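Colleague: Structure file final_13.pdb, PDB, C-alpha atoms, pLDDT in the B column, is pasted below:
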ATOM      1  CA  MET A 142       0.755  -9.464  20.064  1.00 47.00           C
ATOM      2  CA  GLU A 143       0.360 -13.145  20.814  1.00 46.00           C
ATOM      3  CA  LYS A 144      -0.355 -15.891  18.353  1.00 48.00           C
ATOM      4  CA  SER A 145      -3.599 -17.750  18.907  1.00 49.00           C
ATOM      5  CA  PRO A 146      -4.204 -21.301  17.596  1.00 54.00           C
ATOM      6  CA  ALA A 147      -6.666 -20.419  14.816  1.00 61.00           C
ATOM      7  CA  ARG A 148      -8.685 -17.466  13.649  1.00 68.00           C
ATOM      8  CA  PRO A 149     -12.423 -18.057  13.170  1.00 68.00           C
ATOM      9  CA  ALA A 150     -13.924 -17.279   9.775  1.00 69.00           C
ATOM     10  CA  SER A 151     -16.109 -14.595  11.359  1.00 75.00           C
ATOM     11  CA  ASP A 152     -12.957 -12.626  12.279  1.00 78.00           C
ATOM     12  CA  LEU A 153     -11.785 -12.711   8.672  1.00 78.00           C
ATOM     13  CA  GLU A 154     -15.198 -11.628   7.443  1.00 85.00           C
ATOM     14  CA  SER A 155     -15.183  -8.761   9.930  1.00 84.00           C
ATOM     15  CA  ALA A 156     -11.654  -7.712   8.922  1.00 85.00           C
ATOM     16  CA  VAL A 157     -12.521  -7.789   5.215  1.00 88.00           C
ATOM     17  CA  HIS A 158     -15.659  -5.740   5.882  1.00 89.00           C
ATOM     18  CA  SER A 159     -13.824  -3.220   8.079  1.00 88.00           C
ATOM     19  CA  TYR A 160     -10.522  -2.884   6.232  1.00 89.00           C
ATOM     20  CA  GLY A 161     -10.920  -4.412   2.768  1.00 90.00           C
ATOM     21  CA  ASP A 162     -11.576  -1.135   0.934  1.00 91.00           C
ATOM     22  CA  LEU A 163      -8.784   0.679   2.779  1.00 91.00           C
ATOM     23  CA  LEU A 164      -6.287  -2.079   1.942  1.00 93.00           C
ATOM     24  CA  PHE A 165      -7.424  -2.256  -1.682  1.00 93.00           C
ATOM     25  CA  ARG A 166      -7.021   1.496  -2.217  1.00 91.00           C
ATOM     26  CA  LEU A 167      -3.610   1.454  -0.554  1.00 91.00           C
ATOM     27  CA  CYS A 168      -2.445  -1.486  -2.680  1.00 92.00           C
ATOM     28  CA  LEU A 169      -3.876   0.077  -5.844  1.00 90.00           C
ATOM     29  CA  VAL A 170      -1.885   3.246  -5.268  1.00 87.00           C
ATOM     30  CA  MET A 171       1.273   1.286  -4.589  1.00 88.00           C
ATOM     31  CA  LEU A 172       0.894  -1.217  -7.445  1.00 88.00           C
ATOM     32  CA  GLY A 173      -1.102   0.669 -10.077  1.00 85.00           C
ATOM     33  CA  SER A 174      -3.189  -2.310 -11.119  1.00 85.00           C
ATOM     34  CA  ASP A 175      -6.592  -3.525  -9.901  1.00 88.00           C
ATOM     35  CA  ALA A 176      -5.631  -7.176 -10.326  1.00 90.00           C
ATOM     36  CA  ASP A 177      -2.351  -6.784  -8.452  1.00 91.00           C
ATOM     37  CA  ALA A 178      -4.084  -4.827  -5.685  1.00 92.00           C
ATOM     38  CA  GLU A 179      -6.673  -7.594  -5.295  1.00 93.00           C
ATOM     39  CA  ASP A 180      -3.887 -10.178  -5.108  1.00 92.00           C
ATOM     40  CA  ALA A 181      -2.039  -8.168  -2.465  1.00 93.00           C
ATOM     41  CA  VAL A 182      -5.176  -7.783  -0.324  1.00 93.00           C
ATOM     42  CA  GLN A 183      -5.887 -11.503  -0.661  1.00 93.00           C
ATOM     43  CA  GLU A 184      -2.334 -12.348   0.450  1.00 93.00           C
ATOM     44  CA  THR A 185      -2.665  -9.924   3.363  1.00 92.00           C
ATOM     45  CA  MET A 186      -5.870 -11.583   4.526  1.00 90.00           C
ATOM     46  CA  LEU A 187      -4.301 -15.011   4.116  1.00 89.00           C
ATOM     47  CA  LYS A 188      -1.468 -13.939   6.434  1.00 90.00           C
ATOM     48  CA  TYR A 189      -4.092 -12.589   8.842  1.00 87.00           C
ATOM     49  CA  LEU A 190      -5.635 -16.066   8.948  1.00 85.00           C
ATOM     50  CA  GLN A 191      -2.387 -18.011   9.071  1.00 84.00           C
ATOM     51  CA  LYS A 192      -0.590 -15.929  11.689  1.00 83.00           C
ATOM     52  CA  ALA A 193      -3.757 -15.432  13.775  1.00 72.00           C
ATOM     53  CA  PRO A 194      -2.342 -12.559  15.836  1.00 77.00           C
ATOM     54  CA  SER A 195      -4.344 -11.084  18.685  1.00 81.00           C
ATOM     55  CA  PHE A 196      -4.544  -7.318  18.926  1.00 82.00           C
ATOM     56  CA  ALA A 197      -4.781  -4.896  21.825  1.00 84.00           C
ATOM     57  CA  SER A 198      -7.198  -2.647  19.919  1.00 85.00           C
ATOM     58  CA  ALA A 199      -8.883  -2.077  16.568  1.00 84.00           C
ATOM     59  CA  GLY A 200      -6.233   0.544  15.812  1.00 85.00           C
ATOM     60  CA  HIS A 201      -3.494  -2.010  16.391  1.00 86.00           C
ATOM     61  CA  GLU A 202      -5.246  -4.479  14.080  1.00 87.00           C
ATOM     62  CA  ARG A 203      -5.626  -1.789  11.395  1.00 89.00           C
ATOM     63  CA  ALA A 204      -1.943  -0.811  11.658  1.00 89.00           C
ATOM     64  CA  TRP A 205      -0.889  -4.480  11.431  1.00 91.00           C
ATOM     65  CA  LEU A 206      -2.999  -5.054   8.303  1.00 91.00           C
ATOM     66  CA  ILE A 207      -1.702  -1.863   6.636  1.00 90.00           C
ATOM     67  CA  THR A 208       1.890  -2.853   7.397  1.00 91.00           C
ATOM     68  CA  VAL A 209       1.406  -6.378   6.031  1.00 92.00           C
ATOM     69  CA  ALA A 210      -0.309  -5.020   2.889  1.00 93.00           C
ATOM     70  CA  LYS A 211       2.473  -2.455   2.380  1.00 91.00           C
ATOM     71  CA  ASN A 212       5.117  -5.181   2.701  1.00 92.00           C
ATOM     72  CA  GLN A 213       3.196  -7.453   0.325  1.00 92.00           C
ATOM     73  CA  CYS A 214       3.080  -4.655  -2.252  1.00 91.00           C
ATOM     74  CA  ARG A 215       6.811  -4.074  -1.888  1.00 89.00           C
ATOM     75  CA  ASP A 216       7.439  -7.782  -2.447  1.00 89.00           C
ATOM     76  CA  MET A 217       5.270  -7.719  -5.557  1.00 89.00           C
ATOM     77  CA  LEU A 218       7.060  -4.628  -6.882  1.00 84.00           C
ATOM     78  CA  ARG A 219      10.454  -6.300  -6.351  1.00 83.00           C
ATOM     79  CA  SER A 220       9.209  -9.358  -8.206  1.00 79.00           C
ATOM     80  CA  ARG A 221       7.847  -7.174 -11.018  1.00 73.00           C
ATOM     81  CA  ARG A 222      11.204  -5.393 -11.364  1.00 71.00           C
ATOM     82  CA  ARG A 223      13.010  -8.726 -11.571  1.00 67.00           C
ATOM     83  CA  ARG A 224      10.607  -9.912 -14.289  1.00 64.00           C
ATOM     84  CA  GLN A 225      11.091  -6.663 -16.230  1.00 60.00           C
ATOM     85  CA  GLU A 226      14.874  -6.959 -15.955  1.00 56.00           C
ATOM     86  CA  LEU A 227      14.686 -10.529 -17.279  1.00 51.00           C
ATOM     87  CA  CYS A 228      12.399  -9.484 -20.128  1.00 49.00           C
ATOM     88  CA  LEU A 229      14.722  -6.640 -21.085  1.00 52.00           C
ATOM     89  CA  ALA A 230      17.778  -8.896 -20.824  1.00 51.00           C
ATOM     90  CA  TYR A 231      16.210 -11.372 -23.270  1.00 49.00           C
ATOM     91  CA  GLY A 232      14.789  -8.691 -25.570  1.00 49.00           C
ATOM     92  CA  GLU A 233      11.146  -9.480 -24.770  1.00 48.00           C
ATOM     93  CA  ASP A 234       8.376  -6.928 -24.380  1.00 46.00           C
ATOM     94  CA  VAL A 235       7.746  -5.770 -20.826  1.00 43.00           C
ATOM     95  CA  PRO A 236       4.157  -6.417 -19.714  1.00 45.00           C
ATOM     96  CA  GLY A 237       2.274  -3.111 -19.564  1.00 43.00           C
ATOM     97  CA  GLU A 238       0.482  -1.737 -16.558  1.00 42.00           C
ATOM     98  CA  ILE A 239      -2.923  -0.155 -16.502  1.00 38.00           C
ATOM     99  CA  GLY A 240      -2.617   3.552 -15.719  1.00 40.00           C
ATOM    100  CA  ASP A 241      -5.230   6.134 -14.826  1.00 41.00           C
ATOM    101  CA  SER A 242      -5.019   9.658 -16.121  1.00 54.00           C
ATOM    102  CA  GLY A 243      -4.397  12.899 -14.329  1.00 73.00           C
ATOM    103  CA  ILE A 244      -3.771  12.919 -10.640  1.00 78.00           C
ATOM    104  CA  MET A 245      -3.472   9.127 -10.394  1.00 79.00           C
ATOM    105  CA  ASP A 246      -0.683   9.075 -12.998  1.00 80.00           C
ATOM    106  CA  ALA A 247       1.076  11.882 -11.168  1.00 84.00           C
ATOM    107  CA  LEU A 248       0.709  10.051  -7.849  1.00 85.00           C
ATOM    108  CA  MET A 249       1.988   6.794  -9.343  1.00 84.00           C
ATOM    109  CA  ALA A 250       5.081   8.607 -10.662  1.00 87.00           C
ATOM    110  CA  LEU A 251       6.137   9.561  -7.120  1.00 90.00           C
ATOM    111  CA  PRO A 252       8.549   7.453  -5.076  1.00 92.00           C
ATOM    112  CA  GLU A 253       6.763   4.912  -2.864  1.00 88.00           C
ATOM    113  CA  LYS A 254       7.567   6.647   0.418  1.00 91.00           C
ATOM    114  CA  TYR A 255       5.620   9.739  -0.701  1.00 93.00           C
ATOM    115  CA  ARG A 256       2.780   7.803  -2.395  1.00 89.00           C
ATOM    116  CA  LEU A 257       2.162   5.799   0.757  1.00 89.00           C
ATOM    117  CA  VAL A 258       2.108   8.770   3.124  1.00 91.00           C
ATOM    118  CA  LEU A 259      -0.089  10.880   0.815  1.00 89.00           C
ATOM    119  CA  THR A 260      -2.553   8.023   0.350  1.00 86.00           C
ATOM    120  CA  LEU A 261      -2.800   7.214   4.043  1.00 87.00           C
ATOM    121  CA  TYR A 262      -3.241  10.871   4.975  1.00 86.00           C
ATOM    122  CA  TYR A 263      -5.568  12.148   2.245  1.00 83.00           C
ATOM    123  CA  VAL A 264      -7.451   9.080   1.062  1.00 79.00           C
ATOM    124  CA  GLU A 265      -7.632   7.006   4.232  1.00 80.00           C
ATOM    125  CA  GLU A 266      -7.656  10.031   6.557  1.00 81.00           C
ATOM    126  CA  CYS A 267      -5.138   8.482   8.953  1.00 85.00           C
ATOM    127  CA  SER A 268      -3.618  10.748  11.565  1.00 89.00           C
ATOM    128  CA  ILE A 269       0.031  11.697  11.356  1.00 91.00           C
ATOM    129  CA  GLU A 270       0.698   9.658  14.503  1.00 91.00           C
ATOM    130  CA  ASP A 271      -0.972   6.564  12.991  1.00 89.00           C
ATOM    131  CA  ILE A 272       1.041   6.933   9.793  1.00 91.00           C
ATOM    132  CA  ALA A 273       4.229   7.337  11.830  1.00 92.00           C
ATOM    133  CA  HIS A 274       3.459   4.079  13.618  1.00 89.00           C
ATOM    134  CA  VAL A 275       2.744   2.207  10.374  1.00 87.00           C
ATOM    135  CA  ILE A 276       5.865   3.367   8.529  1.00 89.00           C
ATOM    136  CA  ARG A 277       8.024   3.313  11.659  1.00 90.00           C
ATOM    137  CA  ARG A 278       9.095   6.935  11.454  1.00 93.00           C
ATOM    138  CA  THR A 279       8.560   9.947  13.715  1.00 95.00           C
ATOM    139  CA  PRO A 280       5.545  12.231  13.288  1.00 94.00           C
ATOM    140  CA  SER A 281       7.999  14.937  12.214  1.00 95.00           C
ATOM    141  CA  ALA A 282       9.308  12.678   9.437  1.00 95.00           C
ATOM    142  CA  VAL A 283       5.730  12.016   8.287  1.00 94.00           C
ATOM    143  CA  LYS A 284       5.043  15.766   8.123  1.00 94.00           C
ATOM    144  CA  MET A 285       8.201  16.261   6.062  1.00 95.00           C
ATOM    145  CA  ARG A 286       7.196  13.473   3.677  1.00 94.00           C
ATOM    146  CA  LEU A 287       3.739  14.995   3.312  1.00 93.00           C
ATOM    147  CA  GLN A 288       5.222  18.394   2.553  1.00 93.00           C
ATOM    148  CA  LYS A 289       7.738  17.024   0.047  1.00 94.00           C
ATOM    149  CA  GLY A 290       5.152  14.638  -1.425  1.00 91.00           C
ATOM    150  CA  ARG A 291       2.668  17.455  -2.049  1.00 90.00           C
ATOM    151  CA  LYS A 292       5.379  19.473  -3.798  1.00 92.00           C
ATOM    152  CA  LEU A 293       6.453  16.521  -5.949  1.00 92.00           C
ATOM    153  CA  LEU A 294       2.834  15.656  -6.760  1.00 89.00           C
ATOM    154  CA  GLN A 295       2.160  19.213  -7.875  1.00 87.00           C
ATOM    155  CA  GLU A 296       5.264  19.221 -10.098  1.00 89.00           C
ATOM    156  CA  GLU A 297       4.422  15.831 -11.557  1.00 86.00           C
ATOM    157  CA  TYR A 298       0.806  16.793 -12.201  1.00 82.00           C
ATOM    158  CA  ARG A 299       1.898  19.906 -14.040  1.00 83.00           C
ATOM    159  CA  LYS A 300       4.161  17.762 -16.243  1.00 80.00           C
ATOM    160  CA  GLU A 301       1.205  15.460 -17.000  1.00 68.00           C
ATOM    161  CA  GLU A 302      -0.939  18.409 -18.097  1.00 66.00           C
ATOM    162  CA  ARG A 303       1.534  19.496 -20.779  1.00 65.00           C
TER
END
Could I get this file's structure written as structure tokens?

Modeller:
Amino acid sequence: MEKSPARPASDLESAVHSYGDLLFRLCLVMLGSDADAEDAVQETMLKYLQKAPSFASAGHERAWLITVAKNQCRDMLRSRRRRQELCLAYGEDVPGEIGDSGIMDALMALPEKYRLVLTLYYVEECSIEDIAHVIRRTPSAVKMRLQKGRKLLQEEYRKEER
């Protein structure tokens, strides 16, 4: 991946059209808030413009955008945790998050590594090999996370129903 001098606006428009929904859904699952997901996608696209990488294929571009979005979400979650710790330390109320009911609540209760793999596999219909590339694990590790994630999701969903 080489850096080119500047990315034309048409490339950004094409990337938003091709990958915007995928990135939004991924960020929504990771962050649990529409507004935060929109912010994460916007930051991802800004990095796409600023870094102006060139890609060997559309699959490479997609993997790069997913990885950047995932990292952006992690940064936002770290920042959120720090804010919550500060609020709790000073006795202030912690800002609430918007939560969906049912399966979405159960999915959001899972650790990130399972949420991400389940979302990429079931919602975005990524192959196990593509997921392995994005999360930098082996296909076998992805299969194990899917298996464990499904089990945890089922347990969590059953808790939500009670």

Colleague: Please indicate the distance in Å from atom CA of Ser281 of chain A to atom CA of Glu265 of chain A, rounded to one decimal place.

Modeller: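 Atom-to-atom, atom CA of Ser281 of chain A and atom CA of Glu265 of chain A are spaced 19.3 Å apart.
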
Colleague: Could you tell me which of A:Leu206, A:Asp180, A:Leu163, A:His201 comes closest to Leu261 of chain A if we count only C-alpha atoms?

Modeller: A:Leu163

Colleague: Evaluated on this file, the PyMOL selection byres ((chain A and resi 164) around 12) picks out some residues - which ones are they, written as a PyMOL selection string?

Modeller: chain A and resi 156-163+165-172+175+178-186+203-214+257+260-261+264-265

Colleague: Would you mind telling me which residue in A:Tyr263, A:Tyr255, A:Gly200, A:Glu297 lies nearest to Met285 of chain A when using all atoms listed in the file?

Modeller: A:Tyr255

Colleague: By how many Å are atom CA of Ile272 of chain A and atom CA of Ser220 of chain A apart?

Modeller: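 Separation between atom CA of Ile272 of chain A and atom CA of Ser220 of chain A: 25.6 Å.
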
Colleague: Neighbours of Ala282 of chain A within 12 Å (only C-alpha atoms; same-chain residues fewer than 3 positions away dropped), as a PyMOL selection string?

Modeller: chain A and resi 254-255+258+269-270+272-274+276-279+285-290

Colleague: Please compute the atom CA of Arg291 of chain A-atom CA of Ser268 of chain A distance, one decimal, in Å.

Modeller: 16.4 Å

Colleague: For the structure shown, which residues end up in the PyMOL selection byres ((chain A and resi 244-248) around 9)? Put them as a list in words, please?

Modeller: Val170, Gly173, Gly240, Asp241, Ser242, Gly243, Met249, Ala250, Leu251, Pro252, Tyr255, Arg256, Leu259, Leu293, Leu294, Gln295, Glu296, Glu297, Tyr298, Arg299, Lys300 and Glu301 of chain A

Colleague: Take every atom of segment 241-252 of chain A listed in the file, fit an axis-aligned box around them, add 8 Å per side, and give the centre and edge lengths in Å to one decimal as lines of an AutoDock Vina configuration file.

Modeller:
center_x = 1.7
center_y = 9.5
center_z = -10.6
size_x = 29.8
size_y = 22.8
size_z = 27.0

Colleague: I need every residue sitting at most 6 Å from the point (-7.8, -14.0, 13.9) (coordinates as in the file, only C-alpha atoms considered), written as a ChimeraX atom specification.

Modeller: /A:148,152,190,193-194
